[in-house]
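Asks: File follows, input.tsv with TSV, C-alpha atoms:
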```tsv
chain	number	residue	atom	x	y	z
N	1	MET	CA	6.09	-53.60	10.61
N	2	LEU	CA	4.79	-50.09	11.13
N	3	ASN	CA	5.06	-48.98	14.76
N	4	SER	CA	1.60	-47.49	15.06
N	5	PRO	CA	0.58	-46.42	18.58
N	6	ILE	CA	-0.98	-49.12	20.78
N	7	PHE	CA	-0.72	-47.76	24.33
N	8	THR	CA	-2.53	-44.47	23.78
N	9	THR	CA	-3.70	-43.47	27.25
N	10	GLU	CA	-1.88	-42.73	30.49
N	11	PRO	CA	-3.05	-45.89	32.33
N	12	MET	CA	-2.14	-48.03	29.31
N	13	ALA	CA	1.36	-46.56	29.12
N	14	THR	CA	2.15	-46.94	32.82
N	15	ARG	CA	0.84	-50.52	32.93
N	16	ALA	CA	2.85	-51.38	29.82
N	17	LEU	CA	5.89	-49.91	31.56
N	18	ALA	CA	5.26	-52.07	34.63
N	19	ALA	CA	5.05	-55.14	32.38
N	20	GLU	CA	8.40	-54.26	30.76
N	21	VAL	CA	10.00	-53.84	34.19
N	22	ARG	CA	8.67	-57.23	35.30
N	23	HIS	CA	10.05	-58.82	32.13
N	24	HIS	CA	13.50	-57.15	32.05
N	25	HIS	CA	14.30	-54.88	34.99
N	26	GLY	CA	18.10	-54.89	35.20
N	27	ASP	CA	19.00	-51.90	33.06
N	28	LEU	CA	16.23	-49.68	34.42
N	29	VAL	CA	17.12	-50.50	38.02
N	30	ARG	CA	20.76	-49.61	37.31
N	31	LEU	CA	19.65	-46.30	35.76
N	32	LEU	CA	17.60	-45.47	38.84
N	33	GLU	CA	20.39	-46.47	41.21
N	34	GLU	CA	22.91	-44.32	39.33
N	35	ARG	CA	20.50	-41.38	39.23
N	36	ARG	CA	20.10	-41.52	43.00
N	37	GLY	CA	23.75	-42.34	43.71
N	38	VAL	CA	22.82	-45.61	45.42
N	39	ALA	CA	24.98	-48.72	45.11
N	40	SER	CA	21.98	-51.07	45.16
N	41	PHE	CA	18.31	-51.00	46.06
N	42	GLY	CA	18.47	-54.78	46.62
N	43	ASN	CA	16.75	-57.63	44.77
N	44	LEU	CA	13.54	-56.73	42.93
N	45	VAL	CA	10.71	-58.83	44.36
N	46	GLY	CA	7.59	-57.03	43.19
N	47	VAL	CA	6.15	-54.65	40.60
N	48	SER	CA	2.72	-53.05	40.98
N	49	CYS	CA	0.64	-50.20	39.60
N	50	GLU	CA	-1.24	-47.54	41.57
N	51	ALA	CA	-0.21	-48.97	44.92
N	52	ALA	CA	0.82	-46.68	47.81
N	53	GLU	CA	-0.56	-43.14	47.30
N	54	HIS	CA	-1.68	-44.28	43.81
N	55	ILE	CA	1.88	-44.00	42.45
N	56	ASP	CA	1.88	-45.12	38.82
N	57	VAL	CA	4.54	-47.83	39.17
N	58	GLU	CA	5.91	-49.16	42.45
N	59	LEU	CA	9.01	-51.36	42.64
N	60	GLU	CA	9.60	-53.39	45.79
N	61	PHE	CA	13.12	-54.56	46.63
N	62	ASP	CA	14.44	-56.97	49.25
N	63	ALA	CA	17.27	-54.91	50.73
N	64	GLY	CA	18.48	-57.71	53.02
N	65	ASP	CA	18.29	-58.21	56.78
N	66	GLY	CA	14.52	-58.21	56.54
N	67	GLU	CA	14.46	-54.65	55.14
N	68	THR	CA	12.32	-53.55	52.20
N	69	CYS	CA	13.12	-50.71	49.78
N	70	LEU	CA	10.24	-49.09	47.87
N	71	VAL	CA	10.93	-47.16	44.66
N	72	GLY	CA	8.12	-45.21	43.05
N	73	ILE	CA	7.80	-43.92	39.49
N	74	GLU	CA	5.23	-41.16	38.93
N	75	ALA	CA	4.57	-40.60	35.22
N	76	LYS	CA	3.64	-37.00	34.43
N	77	PHE	CA	1.62	-36.70	31.26
N	78	ASP	CA	-0.81	-33.81	30.79
N	79	HIS	CA	-1.94	-33.71	34.41
N	80	GLU	CA	-0.61	-31.21	36.90
N	81	LEU	CA	2.14	-32.28	39.26
N	82	THR	CA	1.58	-30.62	42.64
N	83	ARG	CA	3.78	-30.14	45.69
N	84	GLU	CA	1.22	-31.92	47.86
N	85	GLN	CA	1.20	-34.94	45.55
N	86	ILE	CA	4.99	-35.18	45.55
N	87	ARG	CA	5.10	-34.66	49.33
N	88	ARG	CA	2.71	-37.57	49.90
N	89	GLU	CA	4.39	-39.87	47.40
N	90	ALA	CA	7.93	-39.10	48.60
N	91	ALA	CA	6.86	-39.86	52.17
N	92	ALA	CA	5.50	-43.25	51.10
N	93	MET	CA	8.60	-44.27	49.10
N	94	ASP	CA	12.26	-44.72	49.93
N	95	HIS	CA	13.06	-43.28	46.51
N	96	LEU	CA	10.74	-41.41	44.13
N	97	PHE	CA	11.21	-40.60	40.45
N	98	VAL	CA	9.15	-38.41	38.14
N	99	LEU	CA	8.90	-39.80	34.60
N	100	VAL	CA	8.37	-37.16	31.88
N	101	ALA	CA	8.22	-36.95	28.10
N	102	HIS	CA	10.93	-34.26	28.14
N	103	VAL	CA	12.80	-32.41	30.88
N	104	GLY	CA	11.13	-29.13	29.96
N	105	ALA	CA	7.93	-30.52	31.51
N	106	VAL	CA	9.50	-30.60	34.98
N	107	PRO	CA	8.30	-27.71	37.18
N	108	ALA	CA	11.12	-25.55	38.53
N	109	TRP	CA	10.02	-26.07	42.13
N	110	LEU	CA	10.68	-29.82	42.01
N	111	ALA	CA	14.48	-29.61	42.26
N	112	ALA	CA	14.33	-26.70	44.71
N	113	ASP	CA	11.75	-28.17	47.10
N	114	PHE	CA	12.40	-31.89	46.63
N	115	PRO	CA	16.11	-32.42	45.84
N	116	ASN	CA	15.82	-36.14	46.65
N	117	VAL	CA	13.20	-36.75	43.95
N	118	GLY	CA	14.80	-37.92	40.70
N	119	VAL	CA	13.73	-37.18	37.13
N	120	ILE	CA	13.89	-39.63	34.22
N	121	THR	CA	12.58	-39.36	30.66
N	122	TRP	CA	10.59	-41.86	28.65
N	123	ALA	CA	13.36	-41.99	26.01
N	124	GLU	CA	16.07	-43.12	28.44
N	125	THR	CA	13.63	-45.40	30.24
N	126	LEU	CA	12.55	-47.26	27.12
N	127	ARG	CA	16.18	-47.71	26.07
N	128	CYS	CA	16.54	-49.94	29.12
N	129	PHE	CA	14.29	-52.61	27.59
N	130	PRO	CA	15.52	-54.79	24.66
N	131	ASP	CA	12.80	-54.81	21.98
N	132	SER	CA	10.43	-52.86	24.21
N	133	ARG	CA	6.78	-53.48	23.48
N	134	ILE	CA	5.99	-49.88	24.41
N	135	ALA	CA	7.54	-47.35	22.01
N	136	LEU	CA	8.09	-43.61	21.93
N	137	GLN	CA	5.35	-43.47	19.31
N	138	ASP	CA	2.95	-44.60	22.02
N	139	ILE	CA	4.07	-41.83	24.36
N	140	ALA	CA	3.87	-39.26	21.56
N	141	SER	CA	0.30	-40.36	20.79
N	142	ILE	CA	-0.89	-39.41	24.28
N	143	ARG	CA	-2.21	-35.87	24.28
N	144	LEU	CA	0.56	-33.81	25.87
N	145	LEU	CA	-0.42	-30.32	24.72
N	146	LYS	CA	-0.51	-28.86	28.24
N	147	VAL	CA	2.95	-30.24	29.00
N	148	ALA	CA	4.29	-28.83	25.72
N	149	VAL	CA	2.79	-25.41	26.51
N	150	GLU	CA	4.29	-25.48	30.01
N	151	ALA	CA	7.70	-26.20	28.52
N	152	ARG	CA	7.24	-23.24	26.16
N	153	LEU	CA	6.26	-20.98	29.07
N	154	THR	CA	9.22	-22.13	31.16
N	155	ALA	CA	11.60	-21.21	28.33
N	156	LEU	CA	10.40	-17.57	28.19
N	157	ARG	CA	12.66	-14.74	29.38
N	158	PHE	CA	11.52	-11.95	31.69
N	159	ASP	CA	14.31	-9.41	31.93
N	160	GLY	CA	14.21	-6.84	34.71
N	161	LEU	CA	12.26	-8.92	37.21
N	162	GLU	CA	15.18	-9.97	39.38
N	163	GLY	CA	13.97	-10.70	42.90
N	164	TRP	CA	10.47	-11.57	41.74
N	165	SER	CA	8.85	-14.96	42.27
N	166	ILE	CA	8.02	-16.55	38.89
N	167	ARG	CA	6.61	-20.08	38.92
N	168	THR	CA	4.55	-22.41	36.76
N	169	ALA	CA	1.09	-23.46	37.89
N	170	ARG	CA	-2.25	-24.67	36.60
N	171	GLY	CA	-5.18	-22.31	37.07
N	172	GLY	CA	-8.59	-23.17	38.45
N	173	SER	CA	-9.62	-24.64	35.09
N	174	GLY	CA	-6.35	-26.58	34.78
N	175	MET	CA	-4.77	-24.30	32.18
N	176	PRO	CA	-0.96	-23.80	32.25
N	177	SER	CA	0.27	-20.45	33.52
N	178	LEU	CA	3.21	-18.53	34.93
N	179	ILE	CA	2.55	-16.80	38.25
N	180	PHE	CA	4.37	-13.54	39.07
N	181	GLN	CA	4.79	-11.86	42.44
N	182	SER	CA	6.96	-8.83	43.25
N	183	PRO	CA	8.92	-8.07	46.39
N	184	MET	CA	6.78	-6.38	49.02
N	185	LEU	CA	5.80	-2.74	48.58
N	186	ALA	CA	5.79	-0.14	51.37
N	187	ASP	CA	2.17	-0.89	52.31
N	188	ALA	CA	2.88	-4.64	52.50
N	189	ARG	CA	1.07	-5.34	49.21
N	190	THR	CA	2.70	-7.04	46.23
N	191	ILE	CA	2.25	-6.67	42.50
N	192	ARG	CA	0.94	-9.98	41.17
N	193	GLY	CA	-0.39	-11.56	38.05
N	194	GLN	CA	-0.03	-14.31	35.51
N	195	LEU	CA	0.71	-15.11	31.91
N	196	GLU	CA	-1.68	-17.92	31.09
N	197	VAL	CA	-3.54	-19.93	28.51
N	198	ALA	CA	-6.77	-18.08	27.74
N	199	GLY	CA	-10.09	-19.83	28.21
N	200	ARG	CA	-11.28	-22.73	30.33
N	201	ARG	CA	-10.36	-25.65	28.07
N	202	MET	CA	-7.30	-26.63	26.08
N	203	PRO	CA	-7.71	-26.52	22.29
N	204	ASP	CA	-6.85	-29.65	20.34
N	205	ARG	CA	-4.15	-27.93	18.28
N	206	THR	CA	-1.15	-25.87	19.35
N	207	GLU	CA	-1.91	-23.21	16.76
N	208	ASP	CA	-5.31	-22.62	18.38
N	209	VAL	CA	-3.90	-21.93	21.87
N	210	ARG	CA	-4.17	-18.29	22.97
N	211	PHE	CA	-2.37	-16.52	25.83
N	212	THR	CA	-3.14	-13.48	27.99
N	213	SER	CA	-1.38	-11.64	30.78
N	214	HIS	CA	-2.92	-10.14	33.91
N	215	PHE	CA	-1.24	-7.35	35.91
N	216	GLY	CA	-2.63	-6.85	39.39
N	217	ILE	CA	-2.14	-5.50	42.87
N	218	SER	CA	-2.79	-7.82	45.81
N	219	VAL	CA	-6.18	-7.14	47.41
N	220	PRO	CA	-7.13	-8.97	50.62
N	221	GLU	CA	-10.74	-10.07	50.69
N	222	ASP	CA	-11.97	-7.86	53.52
N	223	ALA	CA	-14.24	-4.91	54.26
N	224	GLN	CA	-11.40	-2.39	53.97
N	225	ASN	CA	-11.02	-3.22	50.29
N	226	TYR	CA	-14.58	-4.09	49.28
N	227	PHE	CA	-17.62	-2.14	50.44
N	228	ASP	CA	-20.68	-0.37	49.08
N	229	PRO	CA	-19.38	2.83	47.43
N	230	GLU	CA	-22.72	4.51	48.02
N	231	SER	CA	-22.16	4.29	51.77
N	232	SER	CA	-18.66	5.80	51.84
N	233	ASP	CA	-16.41	8.18	49.90
N	234	VAL	CA	-13.25	6.38	51.10
N	235	VAL	CA	-11.01	5.37	48.20
N	236	PRO	CA	-9.67	1.81	48.65
N	237	GLU	CA	-5.88	1.54	48.52
N	238	TRP	CA	-5.99	-0.82	45.55
N	239	ILE	CA	-7.65	1.93	43.51
N	240	GLU	CA	-4.64	4.20	44.18
N	241	HIS	CA	-2.26	1.50	42.99
N	242	LEU	CA	-4.21	1.10	39.76
N	243	ARG	CA	-4.09	4.86	39.25
N	244	VAL	CA	-0.29	4.69	39.51
N	245	LEU	CA	-0.24	1.91	36.92
N	246	GLN	CA	-2.40	3.90	34.51
N	247	ARG	CA	-0.66	7.24	35.04
N	248	GLU	CA	2.98	6.06	35.07
N	249	VAL	CA	2.92	3.03	32.77
N	250	LEU	CA	-0.14	2.47	30.59
N	251	SER	CA	-1.30	5.98	29.65
N	252	GLY	CA	-0.90	6.38	25.87
N	253	GLU	CA	0.66	2.91	25.61
N	254	GLU	CA	-2.47	0.78	25.80
N	255	ASP	CA	-2.22	-0.40	22.19
N	256	ARG	CA	1.50	-1.17	22.41
N	257	TYR	CA	0.94	-3.14	25.60
N	258	ARG	CA	-2.19	-4.78	24.13
N	259	ILE	CA	-4.32	-3.80	27.11
N	260	SER	CA	-7.95	-4.91	26.89
N	261	THR	CA	-10.36	-2.05	27.61
N	262	ARG	CA	-13.40	-4.27	28.02
N	263	ALA	CA	-15.30	-3.65	31.24
N	264	PRO	CA	-14.61	-6.02	34.12
N	265	GLY	CA	-17.05	-8.69	35.12
N	266	VAL	CA	-19.10	-8.60	38.30
N	267	SER	CA	-18.05	-10.91	41.11
N	268	THR	CA	-20.64	-13.00	42.93
N	269	ARG	CA	-18.62	-13.15	46.15
N	270	GLU	CA	-20.12	-11.50	49.21
N	271	LEU	CA	-17.52	-8.72	49.39
N	272	GLY	CA	-16.14	-8.95	45.86
N	273	ARG	CA	-19.48	-7.91	44.41
N	274	TRP	CA	-18.52	-4.31	45.28
N	275	LYS	CA	-15.34	-4.38	43.17
N	276	THR	CA	-16.82	-3.15	39.90
N	277	ALA	CA	-19.03	-0.56	41.56
N	278	LEU	CA	-15.98	0.87	43.38
N	279	ALA	CA	-14.02	0.91	40.11
N	280	VAL	CA	-16.83	2.72	38.28
N	281	LYS	CA	-16.98	5.37	40.99
N	282	HIS	CA	-13.24	5.96	41.41
N	283	LEU	CA	-11.65	4.98	38.08
N	284	GLY	CA	-14.22	6.36	35.65
N	285	ASN	CA	-13.09	5.74	32.07
N	286	ASP	CA	-10.34	3.45	33.35
N	287	VAL	CA	-12.75	0.94	34.87
N	288	HIS	CA	-11.18	-1.76	32.67
N	289	LEU	CA	-8.23	-1.73	35.09
N	290	ALA	CA	-10.33	-3.52	37.69
N	291	LYS	CA	-10.27	-7.03	36.24
N	292	GLY	CA	-9.08	-9.97	38.25
N	293	TYR	CA	-9.91	-12.07	41.26
N	294	THR	CA	-11.74	-10.94	44.39
N	295	ASP	CA	-10.78	-14.03	46.39
N	296	GLY	CA	-7.71	-12.32	47.83
N	297	TRP	CA	-5.38	-12.66	44.83
N	298	ALA	CA	-5.12	-9.49	42.70
N	299	ILE	CA	-7.02	-6.81	40.78
N	300	GLY	CA	-5.71	-5.21	37.59
N	301	PRO	CA	-5.93	-5.07	33.78
N	302	LYS	CA	-5.51	-7.88	31.28
N	303	THR	CA	-4.09	-8.03	27.78
N	304	HIS	CA	-5.82	-9.16	24.63
N	305	ALA	CA	-5.30	-12.84	23.79
N	306	VAL	CA	-2.43	-13.63	21.41
N	307	PRO	CA	-1.46	-16.82	19.50
N	308	ILE	CA	1.59	-18.86	20.41
N	309	GLY	CA	3.56	-17.23	17.60
N	310	GLU	CA	3.36	-13.92	19.52
N	311	LEU	CA	4.21	-15.42	22.92
N	312	ASP	CA	7.71	-13.95	23.04
N	313	GLU	CA	6.26	-10.47	22.46
N	314	LEU	CA	3.69	-11.04	25.21
N	315	ALA	CA	6.51	-12.11	27.54
N	316	TRP	CA	8.33	-8.84	26.80
N	317	ILE	CA	5.14	-6.84	27.44
N	318	THR	CA	4.55	-8.73	30.68
N	319	ALA	CA	8.06	-8.07	32.00
N	320	GLU	CA	8.00	-4.43	30.87
N	321	VAL	CA	4.67	-3.57	32.50
N	322	PHE	CA	5.52	-5.36	35.74
N	323	ARG	CA	8.97	-3.75	35.88
N	324	ARG	CA	7.77	-0.21	35.19
N	325	TRP	CA	4.84	-0.50	37.62
N	326	PHE	CA	7.09	-1.78	40.40
N	327	GLU	CA	9.61	1.00	39.80
N	328	ALA	CA	6.82	3.61	39.84
N	329	GLU	CA	5.50	2.25	43.12
N	330	ARG	CA	8.93	2.23	44.71
N	331	ALA	CA	9.64	5.75	43.50
```
Have the structure of the file written as structure tokens, please.

Replies:
Amino acid sequence: MLNSPIFTTEPMATRALAAEVRHHHGDLVRLLEERRGVASFGNLVGVSCEAAEHIDVELEFDAGDGETCLVGIEAKFDHELTREQIRREAAAMDHLFVLVAHVGAVPAWLAADFPNVGVITWAETLRCFPDSRIALQDIASIRLLKVAVEARLTALRFDGLEGWSIRTARGGSGMPSLIFQSPMLADARTIRGQLEVAGRRMPDRTEDVRFTSHFGISVPEDAQNYFDPESSDVVPEWIEHLRVLQREVLSGEEDRYRISTRAPGVSTRELGRWKTALAVKHLGNDVHLAKGYTDGWAIGPKTHAVPIGELDELAWITAEVFRRWFEAERA
């Protein structure tokens, strides 16, 4: 018989998993106990879905002496796994596991911030069930493009950024990204930015995914940074930082670094609406440097979008621009 996909959505897959556990739980329980270094959770007395904190699969054990042991399995498909979610779920469970299609989908912060949360893969989980009704073909049929892109981003190298914070995240539109932040500069600002999936929705095919990088200086959302340029000749500090970037790093190298020279958009925020006007007044022909986010994150230029086949080159550009800008600021 052909093993065509049957469980093709996240709820289907997690409920099918719960049914397999209820039918034959021994091998999976032993895997979980070994992964956590626990001799025994106790006797399994209940299996449920979306119980405490909406955890995908909850296993309830009788640990003896009237004690109960709760073990949760959170299946990460294409949705974002957040620290707050893990914090809530870990607090509700005695033991928590994150179930992923492949280990590359696990965010780096999980092991660092939650060392007691285990990780298991669908492949090793399904091997625990003789003649499992749910197959890897089912898991593969669930759209996991965001997870695959995150794994690709996590595998990138960024030489020369030792001491920087580099972490995976999902942007406001849910697109995968890498977030960069430098050590603090002399004026207490940091160089920040991201390498991210371009656009506000994920394409259906990997070959259609495009990536951009943003290089910015941190800009608090206050009246010292954003004001009507017609009422004052004061040059905001973030303008000076962008001048350093242009003069010491980008000048003459815009094409090599794939810098977009399109004009920045106009913010609708109460203070941020002055960003572009300030850039026009003080940056002149380099107004394209003033792209970014006026909500307190960072202002700076962006690259042109590139396909996934050029992602390694974009990673090199990203590291090179960040490194050279930071060195110029420190100098």

Asks: Of the candidates N:Val249, N:Ala290, N:Ala331, N:Ala151, which one gets nearest to N:Thr261 if we count all atoms listed in the file?

Replies: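 The answer is N:Ala290, which sits nearest to N:Thr261.
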
Asks: Could you check which of N:Trp238, N:Phe326, N:Phe227, N:Trp316 is closest to N:Arg258, using all atoms listed in the file?

Replies: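 Among the listed residues, N:Trp316 lies closest to N:Arg258.
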
Asks: Give as an NGL selection string each residue that has an atom at most 6 Å from (4.5, -29.7, 34.3) in the file, counting all atoms listed in the file.

Replies: :N and (80 or 105-107 or 147)

Asks: Any idea what's packed within 7 Å of N:Gly118, counting all atoms listed in the file, ignoring anything in its chain fewer than 5 positions away? Could you give it as an NGL selection string?

Replies: :N and (35-36 or 96-98)

Asks: Could you give me, as CSV, a per-residue list for stretch 192-245 of chain N showing, wherever an atom lies at most 9 Å from an atom of stretch 283-288 of chain N, the closest pair of atoms and their distance in Å to one decimal, using only C-alpha atoms and sorting by chain then residue number from low to high?

Replies:
```
residue,atom,partner,partner_atom,distance
N:Ile239,CA,N:Leu283,CA,7.4
N:Leu242,CA,N:Leu283,CA,8.6
N:Arg243,CA,N:Leu283,CA,7.7
```

Asks: Taking 6 positions as the minimum chain separation for residues in the same chain, which residues sit within 10 Å of N:Val103 when counting all atoms listed in the file? Answer as an mmCIF file with C-alpha atoms, in the coordinates of the input.

Replies:
```
data_model
loop_
_atom_site.group_PDB
_atom_site.id
_atom_site.type_symbol
_atom_site.label_atom_id
_atom_site.label_comp_id
_atom_site.auth_asym_id
_atom_site.auth_seq_id
_atom_site.Cartn_x
_atom_site.Cartn_y
_atom_site.Cartn_z
ATOM 1 C CA VAL N 119 13.730 -37.180 37.130
ATOM 2 C CA ILE N 120 13.890 -39.630 34.220
ATOM 3 C CA THR N 121 12.580 -39.360 30.660
ATOM 4 C CA TRP N 122 10.590 -41.860 28.650
ATOM 5 C CA ALA N 151 7.700 -26.200 28.520
#
```

Asks: Write out as CSV a residue-level contact list of stretch 180-231 of chain N versus stretch 295-302 of chain N with cut-off 8 Å: for each qualifying residue the closest pair of atoms and the distance in Å to one decimal, counting all atoms listed in the file, rows sorted by chain and residue number upward.

Replies:
```
residue,atom,partner,partner_atom,distance
N:Ile191,CA,N:Ala298,CA,7.9
N:Arg192,CA,N:Ala298,CA,6.3
N:Gly193,CA,N:Ala298,CA,6.9
N:Thr212,CA,N:Lys302,CA,6.9
N:Ser213,CA,N:Lys302,CA,5.6
N:His214,CA,N:Lys302,CA,4.3
N:Phe215,CA,N:Gly300,CA,5.2
N:Gly216,CA,N:Gly300,CA,3.9
N:Ile217,CA,N:Ala298,CA,5.0
N:Ser218,CA,N:Ala298,CA,4.2
N:Val219,CA,N:Ala298,CA,5.4
N:Pro220,CA,N:Gly296,CA,4.4
N:Glu221,CA,N:Gly296,CA,4.7
```

Asks: Kindly give the distance, in Å, that separates atom CA of N:Glu237 and atom CA of N:Thr276, rounded to a single decimal.

Replies: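 Atom CA of N:Thr276 lies at a distance of 14.7 Å from atom CA of N:Glu237.
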
Asks: By how many Å are atom CA of N:Leu314 and atom CA of N:Thr294 apart?

Replies: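 Going from atom CA of N:Leu314 over to atom CA of N:Thr294 covers 24.6 Å.
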
Asks: Nearest residue to N:Glu207 out of N:His282, N:Leu145, N:His25, N:Trp325, using only C-alpha atoms?

Replies: N:Leu145
